[in-house]
Amino acid sequence: PAGALVADRLAAAGHEVVVLEAGPRFDPDDREERMETHLRPGDDTPVWGMGGPRDAYTSGGDRFYPLNAARVKGVGGSTLHWQGMVMRLHEQDFRLDSELGVAEDWPIDYADLRPYYAAAEEALAVAGASDNPFAPPREQPHPLPAFPPSYSDSLFAEACEELEITTHSVPNARNSEPYDGESACVGYGTCRPVCPSGAKYHALRHVDSAEGEGARVIDEVPVQRLEHDESGERVTAAVYVTPDGEEYRQEAAEFVIAAGGVETPRLLLLSESDQYPDGLANSSGAVGRYFMDHLFAGVGGRLDEPTR
């Protein structure tokens, strides 16, 4: 999403923009078929085609990391299969050392990011009730109205109330009403891994807008490395490979790497040179060493009554 938003903003400002995407451009009309693949019992076909020699990887930690289930290579990237939940960090998250003594404080704080959070929520058409008593302060309500609680939500909330557990909704980048040419959510219930209706935010909205402003998108061209000038101060080219194995160089005045928490550090490390034997932007030696996924704790159960 960051790459699409930046491309759209720069193209609209009159800059010449080229987007290099490792994966293909998927046909939106195939989304219902992808949903059926996901729902069909016994069918393990990857919904977005991840896997095989092209996407092989190793997991060296104590616990296996299911990388190919957590990414999509293609125009739209992770927004093609993400859940769409968009919570802001808490104020305390920026002060983990000074308040909790567990990690370093950030060089910025929540107040610095507030206007950018608001702009991002507007761009992603976030729907929310602003009912979370633990959330950080907001400057205005969410852009779209919240989704009404479902019947099963009410059953869960009643159980939590008995246990004195506070419940609240979660802001979601999903249309609760028609927005920007896309329909409201129709309740397919397969947000992850695919939204057939397009109501969940996907980066194609901003990719299409960028192309309308003159940006060029080249798909199926995984970038192999970045090259820099003799001074080592500026990146001058991105070297990529086409499906037929031909290698090309894309030169530019500025480069934005927006390939996610795994592929971004990987590309920096692959871009080693005589001046930067440990990869680009890695004077600290920390690039790629401290990957942290979203922590999640879930609980499920069964009721002896219909939950719809």
# chains A, B, ... in the order shown; residues from 1 in each chain; ligands from 1

$ closest_atom_pairs --of "range 71-166 of chain A" --to "range 207-223 of chain A" --cutoff "10 Å" --atoms "only C-alpha atoms" --output "JSON lines"
{"residue": "A:Lys73", "atom": "CA", "partner": "A:Glu220", "partner_atom": "CA", "distance": 8.9}
{"residue": "A:Gly74", "atom": "CA", "partner": "A:Asp219", "partner_atom": "CA", "distance": 7.4}
{"residue": "A:Val75", "atom": "CA", "partner": "A:Asp219", "partner_atom": "CA", "distance": 7.1}
{"residue": "A:Gly76", "atom": "CA", "partner": "A:Val207", "partner_atom": "CA", "distance": 7.8}

$ write_last_selection --atoms "N, CA, C and O atoms" --output "compact mmCIF listing (two decimals), in the first residue's frame"
# COMPACT_ATOMS: atom_id res chain seq x y z
N LYS A 73 2.84 -11.79 -4.05
CA LYS A 73 3.61 -11.07 -5.04
C LYS A 73 2.69 -10.75 -6.20
O LYS A 73 2.21 -11.65 -6.90
N GLY A 74 2.43 -9.48 -6.42
CA GLY A 74 1.55 -9.06 -7.49
C GLY A 74 1.15 -7.61 -7.29
O GLY A 74 1.38 -7.04 -6.21
N VAL A 75 0.59 -7.01 -8.32
CA VAL A 75 0.17 -5.62 -8.23
C VAL A 75 -0.97 -5.53 -7.20
O VAL A 75 -2.02 -6.14 -7.38
N GLY A 76 -0.74 -4.82 -6.13
CA GLY A 76 -1.68 -4.77 -5.01
C GLY A 76 -1.09 -5.37 -3.76
O GLY A 76 -1.48 -5.03 -2.65

$ closest_atom_pairs --of "range 137-163 of chain A" --to "range 78-99 of chain A" --cutoff "12 Å" --atoms "only C-alpha atoms" --output "tab-separated table"
residue	atom	partner	partner_atom	distance
A:Pro137	CA	A:Glu91	CA	8.8
A:Arg138	CA	A:Arg88	CA	9.8
A:His142	CA	A:Val86	CA	11.1

$ write_last_selection --atoms "N, CA, C and O atoms" --output "mmCIF file, in the first residue's frame"
data_model
loop_
_atom_site.group_PDB
_atom_site.id
_atom_site.type_symbol
_atom_site.label_atom_id
_atom_site.label_comp_id
_atom_site.auth_asym_id
_atom_site.auth_seq_id
_atom_site.Cartn_x
_atom_site.Cartn_y
_atom_site.Cartn_z
ATOM 1 N N PRO A 137 -5.757 8.996 21.511
ATOM 2 C CA PRO A 137 -6.694 10.058 21.132
ATOM 3 C C PRO A 137 -6.780 10.247 19.615
ATOM 4 O O PRO A 137 -5.797 10.036 18.901
ATOM 5 N N ARG A 138 -7.967 10.626 19.168
ATOM 6 C CA ARG A 138 -8.209 10.865 17.745
ATOM 7 C C ARG A 138 -8.547 12.341 17.526
ATOM 8 O O ARG A 138 -9.031 13.014 18.433
ATOM 9 N N HIS A 142 -13.771 8.134 12.410
ATOM 10 C CA HIS A 142 -13.268 7.412 11.254
ATOM 11 C C HIS A 142 -14.005 7.884 9.986
ATOM 12 O O HIS A 142 -15.164 8.301 10.065
#

$ residues_around --residues "Pro148 in chain A" --least-positions-apart "6" --cutoff "12 Å" --atoms "only C-alpha atoms" --output "ChimeraX atom specification"
/A:127-129,154,168-170,176-177

$ write_last_selection --atoms "N, CA and C atoms" --output "tab-separated table (two decimals), in the first residue's frame"
chain	number	residue	atom	x	y	z
A	127	ALA	N	-13.49	2.25	8.12
A	127	ALA	CA	-14.76	2.31	8.84
A	127	ALA	C	-14.52	1.98	10.31
A	128	GLY	N	-15.12	2.74	11.21
A	128	GLY	CA	-14.89	2.46	12.62
A	128	GLY	C	-15.88	3.17	13.51
A	129	ALA	N	-16.05	2.64	14.72
A	129	ALA	CA	-17.01	3.19	15.67
A	129	ALA	C	-16.35	4.11	16.68
A	154	SER	N	-22.93	-10.22	19.24
A	154	SER	CA	-23.73	-9.99	20.44
A	154	SER	C	-23.60	-11.15	21.41
A	168	HIS	N	-14.78	-4.21	22.23
A	168	HIS	CA	-14.93	-3.05	21.35
A	168	HIS	C	-14.71	-3.50	19.92
A	169	SER	N	-15.14	-2.69	19.00
A	169	SER	CA	-14.94	-3.02	17.59
A	169	SER	C	-13.52	-2.66	17.17
A	170	VAL	N	-13.16	-3.05	15.96
A	170	VAL	CA	-11.84	-2.77	15.41
A	170	VAL	C	-12.01	-2.01	14.10
A	176	SER	N	-18.11	0.38	4.44
A	176	SER	CA	-19.40	0.16	5.08
A	176	SER	C	-20.52	0.79	4.25
A	177	GLU	N	-20.14	1.57	3.27
A	177	GLU	CA	-21.06	2.16	2.29
A	177	GLU	C	-20.27	2.35	1.01

$ residues_around --residues "Asp278 in chain A" --least-positions-apart "6" --cutoff "8 Å" --atoms "only C-alpha atoms" --output "list in words"
Leu269, Glu272 and Gly285 of chain A

$ write_last_selection --atoms "N, CA, C and O atoms" --output "mmCIF file, in the first residue's frame"
data_model
loop_
_atom_site.group_PDB
_atom_site.id
_atom_site.type_symbol
_atom_site.label_atom_id
_atom_site.label_comp_id
_atom_site.auth_asym_id
_atom_site.auth_seq_id
_atom_site.Cartn_x
_atom_site.Cartn_y
_atom_site.Cartn_z
ATOM 1 N N LEU A 269 20.080 -6.147 1.379
ATOM 2 C CA LEU A 269 21.210 -7.052 1.617
ATOM 3 C C LEU A 269 21.771 -7.596 0.302
ATOM 4 O O LEU A 269 22.977 -7.820 0.167
ATOM 5 N N GLU A 272 24.735 -5.519 -2.116
ATOM 6 C CA GLU A 272 26.082 -5.303 -1.575
ATOM 7 C C GLU A 272 27.022 -4.821 -2.688
ATOM 8 O O GLU A 272 26.786 -5.063 -3.877
ATOM 9 N N GLY A 285 24.452 -2.890 10.745
ATOM 10 C CA GLY A 285 24.444 -4.347 10.742
ATOM 11 C C GLY A 285 23.128 -4.939 11.199
ATOM 12 O O GLY A 285 23.008 -6.150 11.379
#

$ residues_around --residues "range 51-55 of chain A" --least-positions-apart "4" --cutoff "10 Å" --atoms "only C-alpha atoms" --output "list in words"
Thr45, Pro46, Leu67, Asn68, Ala69 and Lys73 of chain A

$ residues_around --residues "Tyr290 in chain A" --least-positions-apart "4" --cutoff "12 Å" --atoms "only C-alpha atoms" --output "PyMOL selection string"
chain A and resi 261-262+265+285-286

$ closest_residue --among "A:Gln250, A:Leu100, A:Asp293, A:Tyr276" --to "Pro66 in chain A" --atoms "only C-alpha atoms"
A:Asp293

$ atom_distance --atom1 "CA of Asp304 in chain A" --atom2 "CA of Thr167 in chain A"
22.2 Å

$ closest_atom_pairs --of "range 94-195 of chain A" --to "range 4-26 of chain A" --cutoff "10 Å" --atoms "only C-alpha atoms" --output "CSV"
residue,atom,partner,partner_atom,distance
A:Ala120,CA,A:Leu5,CA,9.2
A:Ala123,CA,A:Leu5,CA,8.4
A:Leu124,CA,A:Leu5,CA,9.8

$ write_last_selection --atoms "all heavy atoms" --output "PDB file, in the first residue's frame"
ATOM      1  N   ALA A 120      -3.911   8.537   6.307  1.00  0.00           N
ATOM      2  CA  ALA A 120      -3.916   7.146   5.861  1.00  0.00           C
ATOM      3  C   ALA A 120      -5.307   6.532   6.000  1.00  0.00           C
ATOM      4  O   ALA A 120      -5.773   5.798   5.123  1.00  0.00           O
ATOM      5  CB  ALA A 120      -2.903   6.331   6.654  1.00  0.00           C
ATOM      6  N   ALA A 123      -7.349   7.743   3.132  1.00  0.00           N
ATOM      7  CA  ALA A 123      -6.968   7.124   1.870  1.00  0.00           C
ATOM      8  C   ALA A 123      -7.444   5.675   1.782  1.00  0.00           C
ATOM      9  O   ALA A 123      -7.808   5.198   0.704  1.00  0.00           O
ATOM     10  CB  ALA A 123      -5.452   7.182   1.699  1.00  0.00           C
ATOM     11  N   LEU A 124      -7.449   4.977   2.911  1.00  0.00           N
ATOM     12  CA  LEU A 124      -7.840   3.570   2.932  1.00  0.00           C
ATOM     13  C   LEU A 124      -9.326   3.375   3.219  1.00  0.00           C
ATOM     14  O   LEU A 124      -9.793   2.244   3.318  1.00  0.00           O
ATOM     15  CB  LEU A 124      -7.015   2.804   3.969  1.00  0.00           C
ATOM     16  CG  LEU A 124      -5.675   2.242   3.506  1.00  0.00           C
ATOM     17  CD1 LEU A 124      -4.746   3.305   2.962  1.00  0.00           C
ATOM     18  CD2 LEU A 124      -4.986   1.479   4.640  1.00  0.00           C
TER      19      LEU A 124
END

$ closest_residue --among "A:Glu36, A:Glu263, A:Glu227, A:Glu122" --to "Arg249 in chain A" --atoms "only C-alpha atoms"
A:Glu227

$ residues_around --residues "Tyr65 in chain A" --least-positions-apart "5" --cutoff "12 Å" --atoms "only C-alpha atoms" --output "ChimeraX atom specification"
/A:57-60,70-71,262,291-293

$ atom_distance --atom1 "CA of Thr37 in chain A" --atom2 "CA of Val72 in chain A"
15.9 Å

$ atom_distance --atom1 "CA of Thr236 in chain A" --atom2 "CA of Ala252 in chain A"
6.1 Å

$ closest_residue --among "A:Phe147, A:Gln275, A:Asn172, A:Trp106" --to "Ser231 in chain A" --atoms "only C-alpha atoms"
A:Gln275

$ closest_residue --among "A:Gly101, A:Pro28, A:Gly301, A:Gly260" --to "Ala159 in chain A" --atoms "only C-alpha atoms"
A:Gly301

$ select_by_dssp --residues "range 161-301 of chain A" --states "helix (DSSP H, G or I)" --output "NGL selection string"
:A and (161-162 or 204-212 or 260-270)

$ decode --residues "range 229-255 of chain A" --atoms "C-alpha atoms" --output "mmCIF file, in the first residue's frame"
data_model
loop_
_atom_site.group_PDB
_atom_site.id
_atom_site.type_symbol
_atom_site.label_atom_id
_atom_site.label_comp_id
_atom_site.auth_asym_id
_atom_site.auth_seq_id
_atom_site.Cartn_x
_atom_site.Cartn_y
_atom_site.Cartn_z
ATOM 1 C CA ASP A 229 27.086 5.979 -7.945
ATOM 2 C CA GLU A 230 30.848 6.188 -7.402
ATOM 3 C CA SER A 231 30.425 8.299 -4.285
ATOM 4 C CA GLY A 232 28.156 5.684 -2.756
ATOM 5 C CA GLU A 233 25.727 8.391 -1.707
ATOM 6 C CA ARG A 234 22.924 7.869 -4.232
ATOM 7 C CA VAL A 235 21.146 4.862 -5.692
ATOM 8 C CA THR A 236 21.210 5.220 -9.462
ATOM 9 C CA ALA A 237 19.494 2.100 -10.833
ATOM 10 C CA ALA A 238 17.334 -0.889 -9.999
ATOM 11 C CA VAL A 239 18.323 -4.057 -11.847
ATOM 12 C CA TYR A 240 15.392 -6.343 -12.613
ATOM 13 C CA VAL A 241 14.732 -9.522 -14.599
ATOM 14 C CA THR A 242 11.819 -10.231 -16.939
ATOM 15 C CA PRO A 243 10.077 -13.645 -17.146
ATOM 16 C CA ASP A 244 12.243 -14.620 -20.117
ATOM 17 C CA GLY A 245 15.411 -14.099 -18.064
ATOM 18 C CA GLU A 246 16.512 -10.810 -19.633
ATOM 19 C CA GLU A 247 18.131 -8.312 -17.249
ATOM 20 C CA TYR A 248 17.356 -4.588 -17.380
ATOM 21 C CA ARG A 249 18.345 -1.435 -15.481
ATOM 22 C CA GLN A 250 15.782 1.153 -14.436
ATOM 23 C CA GLU A 251 17.504 4.451 -13.770
ATOM 24 C CA ALA A 252 15.880 7.221 -11.752
ATOM 25 C CA ALA A 253 16.631 10.299 -9.686
ATOM 26 C CA GLU A 254 14.942 8.855 -6.574
ATOM 27 C CA PHE A 255 13.959 5.372 -5.436
#
